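**Student:** Sharing a structure with you now.
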Amino acid sequence: MKAVQFSEHGDRSVIDYDEFPDPSPDRDEVLVDVKAGALNHLDVWTRKGLPGVNLDMPHIPGSDGAGVVLEVGEDVTRFEPGDRVAVSAGVYCGKCEYCRHGEYSMCVNYHIIGEHVRGVHSERAAVPEDNLVEVPSSVEFETAAAAPLVFQTAWRMLLNRGGLDSGESVLVLGASGGVGHAAVQIADHAGAEVYATASTDEKLEYAEEVGADHVINYADDDFAAEIREMTGKRGVDMVVDHIGEATYPDSLKSLAKGGRVVTCGATTGPNPGAGLNRIFWNQLSVVGSTMGNPGEVDDVLELVWDGTFEPRIRDVLPMSEAARAHEMLEEREGFGKVVVVPDSEYDG
């Protein structure tokens with residue numbers, strides 16, 4: 001088969017689309033004929049190399065994908081050949097204390113397909129049964145590939161870890177990205193007043209289209225100062241910050257007393273100053289969140305499948321142009337998700 005792959009960490013030049021041995025499913029795995037994959041910033045960081053993550057090379061990236069079941073392992077009970085499926089990339093043991101309490105994304109052995117083990121940006125992929133969800137026939141494969149990681153992440157961040165209530169106010173940073181545009185839609189659906197930041201007027205228009213009530217161009221304006229002005233110096237109840245060092249201090253400044261920052265990542269760096277003086281004086285919370293549990297995945301994807309939420313797709317490219325797809329993420333081009341399809345499936 002053909003697969004996106006790299007044999008060393010580095011810039012986009014290390015990415016190839018070349019032959020790779022065909023996978024065969026283990027007893028609990030499903031062999032998927034991949035029709036579409038989608039990129040996340042995680043793919044960029046994995047390509048560059050993450051501290052403490054040692055990959056088997058060559059590595060196939062990709063945590064998001066969708067396709068058709070070709071074959072199932074002998075212990076698989078939920079799927080059969082011909083089923084349409086999408087990947088939910090978080091792998092858990094099912095046995096540790098966290099899994100036994102239903103907190104699968106806190107599993108002591110938690111890892112992510114495409115980050116810690118080979119991913120699904122290939123013509124075929126062997127995926128554990130527990131990491132697949134059914135996709136209705138009415139849903140395009142590109143949509144099914146673009147939705148799972150970012151929508152489950154945003155859903156858990158806002159509703160489970162963040163405890164968002166109707167009538168609260170939420171600031172979503174980086175609303176043009178995958179998690180950001182999902183968070184805007186989920187916050188709006190939950191009945192929140194939604195503020196959103198992006199770097200261009202075009203991206204802000206998209207953010208308004210998917211549910212933002214107020215928008216701020218962070219390239220031109222200090223978003224913390226804008227939030228204080230827009231809210232009569234009160235601040236917002238929640239900030240969704242997956243950007244990290246570059247925005248964290250201003251995220252704290254944007255909060256009302258008793259507010260909380262929820263974070264699922266740190267694109268610009270993991271180690272900002274703690275801001276403890278502001279945290280204790282204003283009685284703020286900083287809450288971490290990772291991916292989602294199976295029930296959360298089912299809940300949010302049901303709302304994607306029925307059209308309540310829309311994964312915006314900025315472009316669809318053949319997998320042979322994966323380097324260009326990485327460039328679009330790194331250069332923050334466009335709004336929403338970048339999708340790649342096997343060259344054998346690409347129709348332009």
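Naming scheme: A, B, ... for chains in displayed order of the structure tokens; residues 1 onward per chain; ligands 1 onward as shown.
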Hey, what's within 7 Å of A:His242 if we count only C-alpha atoms and toss same-chain stuff fewer than 3 positions away? As a ChimeraX atom specification, please?
**Tutor:** /A:263-267
**Student:** Can you pull out the residues contacting A:Lys203? Cut-off 8 Å, using only C-alpha atoms, and skip same-chain residues under 5 positions away; I want them as a list in words.
**Tutor:** Ala175, Ser176, Ala198, Gly334 and Phe335 of chain A
**Student:** Please report, as a ChimeraX atom specification, each residue of stretch 109-306 of chain A to which DSSP assigns helix (DSSP H, G or I) when run on this structure's backbone.
**Tutor:** /A:129-131,141-146,148-161,178-189,201-209,223-230,248-253,276-281,294-305
**Student:** Identify which of the residues A:Gly273, A:Gly90, A:Gly288, A:Gly178 lies closest to A:Val338, counting only C-alpha atoms when measuring atom-to-atom distances.
**Tutor:**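 Looking only at the distances to A:Val338, the closest residue turns out to be A:Gly178.
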**Student:** Write out as a PyMOL selection string the residues lying within 9 Å of A:Lys257, counting only C-alpha atoms and excluding same-chain residues fewer than 4 positions away.
**Tutor:** chain A and resi 234-237+281-284
